[in-house]
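Notes follow the structure.
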Amino acid sequence: RANFVQKAMTAYEKARNNPRQFKSLTSLSIEKFDILLPTFESKWETFIEKYNLDGTIRLRKYVPKNDKQLPTVGDKLFFLLFYKKTHSLQEVMAFQFDLEVSMVNKWIHILTPILNKSLEKYIPKANIEDVDFQMDETYIIDGTERPIQPDTYDQETFYSGKKKLIHLKML
């Protein structure tokens, strides 16, 4: 008989084997996840190169204390998307991902800003001047009027007679 140690699959690896379940757990298809992953990985590496997990300035090279807990950047991104989608209790997340509750809390607070930075290019811009237009890309302009709090001296510019409210008029 061959003696071998079988590596336990992480929740991320298990979910990747079932595309429908993966999307249910993260709101992303595996293909979209794979598009987001390199950006997230780049932001993670930038963060971990400069800071410790507690947010202090890093003095030494990062070496994970436990390589079984969220071992890859894909595991980290899956963990956070799973949490954001399901809004599970941190106790449940600890059980699901084989972590201490304190580490679940720490990972959520560390990874959330990294995910937000990774998604910046996908967030709609409020002003057309802020858009960095690229060739061969399709853009959509939302022409919806939105309520605003204008300066009291300039209400006429923003008044919408249609709704009898002050709205940001779209061009």
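Chain labels follow the order of the structure tokens: the first chain is A, the next B, and so on; residue numbering restarts at 1 in every chain, and ligands are counted from 1 in their shown order.
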
inquiry  = According to DSSP computed on the backbone, where in region 19-152 of chain A is there helix (DSSP H, G or I)? Give the residues as an MDAnalysis selection string.
reply    = chainID A and resid 19:26 30:50 73:86 90:97 101:118 120:122 128:130 152

message = So that I can see what lies close to Thr39 (chain A), please list as a list of chain:residue names the residues with an atom at most 8 Å from it, counting only C-alpha atoms and leaving out residues fewer than 4 positions away in the same chain.
response =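 What passes the distance filter is A:Ile35, A:Lys43, A:Ser118.
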
query = Using only C-alpha atoms, which residues sit within 10 Å of region 26-29 of chain A once same-chain residues fewer than 6 positions away are excluded, as an MDAnalysis selection string?
reply = chainID A and resid 15:16 19:20 35:36 77:86

How about saving the chosen residues, C-alpha atoms kept, as a PDB file, in the first residue's frame?
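Below is the file part_12.pdb, written as the result:
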ATOM      1  CA  ALA A  15     -16.538  25.631  -4.544  1.00  0.00           C
ATOM      2  CA  ARG A  16     -14.521  25.959  -7.768  1.00  0.00           C
ATOM      3  CA  PRO A  19     -19.690  26.658 -10.873  1.00  0.00           C
ATOM      4  CA  ARG A  20     -23.358  27.074  -9.916  1.00  0.00           C
ATOM      5  CA  ILE A  35     -10.762  38.422 -13.829  1.00  0.00           C
ATOM      6  CA  LEU A  36     -10.903  40.141 -10.416  1.00  0.00           C
ATOM      7  CA  LEU A  77     -10.848  36.697  -1.982  1.00  0.00           C
ATOM      8  CA  PHE A  78     -13.309  33.790  -1.845  1.00  0.00           C
ATOM      9  CA  PHE A  79     -13.528  34.132   1.952  1.00  0.00           C
ATOM     10  CA  LEU A  80     -14.381  37.829   1.743  1.00  0.00           C
ATOM     11  CA  LEU A  81     -16.861  37.475  -1.137  1.00  0.00           C
ATOM     12  CA  PHE A  82     -18.520  34.579   0.701  1.00  0.00           C
ATOM     13  CA  TYR A  83     -18.842  36.756   3.801  1.00  0.00           C
ATOM     14  CA  LYS A  84     -20.152  39.766   1.851  1.00  0.00           C
ATOM     15  CA  LYS A  85     -22.717  37.629   0.021  1.00  0.00           C
ATOM     16  CA  THR A  86     -24.020  35.585   2.960  1.00  0.00           C
TER      17      THR A  86
END
